[in-house]
Amino acid sequence: MRIAIGADHAGYRLKDVVVPYIKSLGHEVEDYGCDCDQSVDYPDYALPVCQAVVKGNADRAILICGTGIGMSIAANKIHGIRCALVHDMFSAKATREHNDTNALALGERVIGPGVAQEIIRIWLETPFSEGERHVGRVKKLANLEEAYPAQSAQS
């Protein structure tokens, strides 16, 4: 699988730990930064990572910030992205089986490298269940994107 990954200043250390791990699992990784602790804005990193998935240049996205919250919010603003903020193994499996997520958000200040690696492994290895109820729900999510496209605050 081709994995796009990005982090802000609060998540780059964890990113630097998980990139070699993801490669050791046999996946390709495209790193979209950041590589320093100087303050940057997480949406600036979420956008190119998620665009890689939407454009077909990556199969999945992994986004890391301090809590994972900002990255998950930013990712879910992008049409075609289903991002889950995950900090435990059960949720990693469930979000792939039930929601067919294509983006994963993690919080460096919330979980350690070992837990992050296990979450990533489970998330990458778990297929979408293809169960009728789950397929229907994912289609409803896509329909929401179509029914409520992004609008400016002045609309």
# chains A, B, ... in the order shown; residues from 1 in each chain; ligands from 1
>>> closest_atom_pairs(of="segment 16-103 of chain A", to="segment 119-127 of chain A", cutoff="6 Å", atoms="only C-alpha atoms", output="Markdown table")
| residue | atom | partner | partner_atom | distance |
| --- | --- | --- | --- | --- |
| A:Met89 | CA | A:Ile119 | CA | 5.2 |
| A:Ala92 | CA | A:Trp123 | CA | 5.1 |
| A:Lys93 | CA | A:Trp123 | CA | 5.8 |
| A:Glu97 | CA | A:Pro127 | CA | 6.0 |
>>> select_by_dssp(residues="segment 50-129 of chain A", states="strand (DSSP E or B)", output="JSON, numbers by chain")
{"A": [60, 61, 62, 63, 64, 65, 83, 84, 85, 103, 104, 105, 106, 107]}
>>> atom_distance(atom1="atom CA of Pro20 of chain A", atom2="atom CA of Ala116 of chain A")
12.7 Å
>>> residues_around(residues="Lys23 of chain A", least_positions_apart="2", cutoff="12 Å", atoms="only C-alpha atoms", output="MDAnalysis selection string")
chainID A and resid 1:5 16:21 25:31 117 120:121 124
>>> residues_around(residues="segment 49-64 of chain A", least_positions_apart="3", cutoff="6 Å", atoms="only C-alpha atoms", output="list in words")
Arg2, Ile3, Ala4, Ile5, Gly6, Ala7, Gly11, Ala46, Gly68, Asn102, Ala103, Leu104, Ala105, Leu106 and Gly107 of chain A
>>> write_last_selection(atoms="N, CA and C atoms", output="mmCIF file, in the first residue's frame")
data_model
loop_
_atom_site.group_PDB
_atom_site.id
_atom_site.type_symbol
_atom_site.label_atom_id
_atom_site.label_comp_id
_atom_site.auth_asym_id
_atom_site.auth_seq_id
_atom_site.Cartn_x
_atom_site.Cartn_y
_atom_site.Cartn_z
ATOM 1 N N ARG A 2 0.360 2.299 -0.581
ATOM 2 C CA ARG A 2 1.047 3.596 -0.565
ATOM 3 C C ARG A 2 0.412 4.462 0.520
ATOM 4 N N ILE A 3 1.230 4.888 1.463
ATOM 5 C CA ILE A 3 0.752 5.644 2.612
ATOM 6 C C ILE A 3 1.308 7.064 2.551
ATOM 7 N N ALA A 4 0.424 8.054 2.610
ATOM 8 C CA ALA A 4 0.829 9.449 2.743
ATOM 9 C C ALA A 4 0.777 9.783 4.231
ATOM 10 N N ILE A 5 1.815 10.443 4.717
ATOM 11 C CA ILE A 5 1.869 10.770 6.143
ATOM 12 C C ILE A 5 2.316 12.212 6.323
ATOM 13 N N GLY A 6 1.749 12.845 7.322
ATOM 14 C CA GLY A 6 2.129 14.219 7.635
ATOM 15 C C GLY A 6 1.899 14.507 9.099
ATOM 16 N N ALA A 7 2.644 15.471 9.582
ATOM 17 C CA ALA A 7 2.537 15.859 10.985
ATOM 18 C C ALA A 7 2.835 17.337 11.113
ATOM 19 N N GLY A 11 3.639 16.679 16.307
ATOM 20 C CA GLY A 11 3.528 15.267 15.967
ATOM 21 C C GLY A 11 4.690 14.710 15.171
ATOM 22 N N ALA A 46 -2.320 18.629 6.701
ATOM 23 C CA ALA A 46 -3.437 17.715 6.436
ATOM 24 C C ALA A 46 -3.852 17.773 4.972
ATOM 25 N N GLY A 68 -4.253 14.838 17.821
ATOM 26 C CA GLY A 68 -4.921 14.205 16.691
ATOM 27 C C GLY A 68 -6.235 14.882 16.343
ATOM 28 N N ASN A 102 -10.158 6.036 5.303
ATOM 29 C CA ASN A 102 -8.975 6.117 4.451
ATOM 30 C C ASN A 102 -7.932 7.053 5.040
ATOM 31 N N ALA A 103 -8.211 7.587 6.211
ATOM 32 C CA ALA A 103 -7.260 8.442 6.917
ATOM 33 C C ALA A 103 -7.337 8.145 8.411
ATOM 34 N N LEU A 104 -6.178 8.188 9.035
ATOM 35 C CA LEU A 104 -6.035 7.900 10.463
ATOM 36 C C LEU A 104 -5.352 9.086 11.121
ATOM 37 N N ALA A 105 -5.926 9.589 12.198
ATOM 38 C CA ALA A 105 -5.315 10.673 12.967
ATOM 39 C C ALA A 105 -4.866 10.127 14.314
ATOM 40 N N LEU A 106 -3.664 10.537 14.716
ATOM 41 C CA LEU A 106 -3.076 10.114 15.987
ATOM 42 C C LEU A 106 -2.572 11.332 16.745
ATOM 43 N N GLY A 107 -2.515 11.211 18.064
ATOM 44 C CA GLY A 107 -2.001 12.289 18.904
ATOM 45 C C GLY A 107 -0.713 11.893 19.597
#
>>> closest_residue(among="A:Pro113, A:Gly70, A:Gly131, A:Pro149", to="Asp44 of chain A", atoms="only C-alpha atoms")
A:Gly70
>>> select_by_dssp(residues="chain A", states="helix (DSSP H, G or I)", output="MDAnalysis selection string")
chainID A and resid 12:24 43:54 69:75 89:99 113:125 132:147
>>> atom_distance(atom1="atom CA of Glu118 of chain A", atom2="atom CA of Thr67 of chain A")
17.4 Å
>>> atom_distance(atom1="atom CA of Ser72 of chain A", atom2="atom CA of Asp88 of chain A")
15.4 Å
>>> closest_residue(among="A:Ile81, A:Leu47, A:Ala10, A:Val86", to="Cys65 of chain A", atoms="only C-alpha atoms")
A:Ala10
>>> residues_around(residues="Asp41 of chain A", least_positions_apart="4", cutoff="9 Å", atoms="only C-alpha atoms", output="list in words")
Asp8, His9 and Tyr45 of chain A
>>> write_last_selection(atoms="N, CA, C and O atoms", output="PDB file, in the first residue's frame")
ATOM      1  N   ASP A   8       2.335  17.928  12.181  1.00  0.00           N
ATOM      2  CA  ASP A   8       2.737  19.290  12.506  1.00  0.00           C
ATOM      3  C   ASP A   8       3.882  19.224  13.516  1.00  0.00           C
ATOM      4  O   ASP A   8       4.429  18.137  13.775  1.00  0.00           O
ATOM      5  N   HIS A   9       4.224  20.354  14.094  1.00  0.00           N
ATOM      6  CA  HIS A   9       5.341  20.434  15.037  1.00  0.00           C
ATOM      7  C   HIS A   9       5.124  19.593  16.293  1.00  0.00           C
ATOM      8  O   HIS A   9       6.080  19.175  16.934  1.00  0.00           O
ATOM      9  N   TYR A  45      -0.605  20.788   6.618  1.00  0.00           N
ATOM     10  CA  TYR A  45      -0.054  19.448   6.420  1.00  0.00           C
ATOM     11  C   TYR A  45      -1.150  18.434   6.128  1.00  0.00           C
ATOM     12  O   TYR A  45      -0.942  17.486   5.379  1.00  0.00           O
TER      13      TYR A  45
END
>>> closest_residue(among="A:Pro48, A:Ala84, A:His134, A:His79", to="Glu146 of chain A", atoms="only C-alpha atoms")
A:His79
>>> closest_residue(among="A:Ile73, A:Gly80, A:Phe90, A:Thr101", to="Leu144 of chain A", atoms="only C-alpha atoms")
A:Gly80
>>> residues_around(residues="Asn99 of chain A", least_positions_apart="6", cutoff="8 Å", atoms="only C-alpha atoms", output="VMD selection string")
chain A and resid 82 128 134 137 to 138
>>> write_last_selection(atoms="C-alpha atoms", output="PDB file, in the first residue's frame")
ATOM      1  CA  ARG A  82     -13.100   9.573   6.047  1.00  0.00           C
ATOM      2  CA  PHE A 128     -13.502  -3.059   5.234  1.00  0.00           C
ATOM      3  CA  HIS A 134     -21.706  -0.866   6.720  1.00  0.00           C
ATOM      4  CA  ARG A 137     -23.704   3.713   6.014  1.00  0.00           C
ATOM      5  CA  VAL A 138     -20.534   4.614   4.117  1.00  0.00           C
TER       6      VAL A 138
END
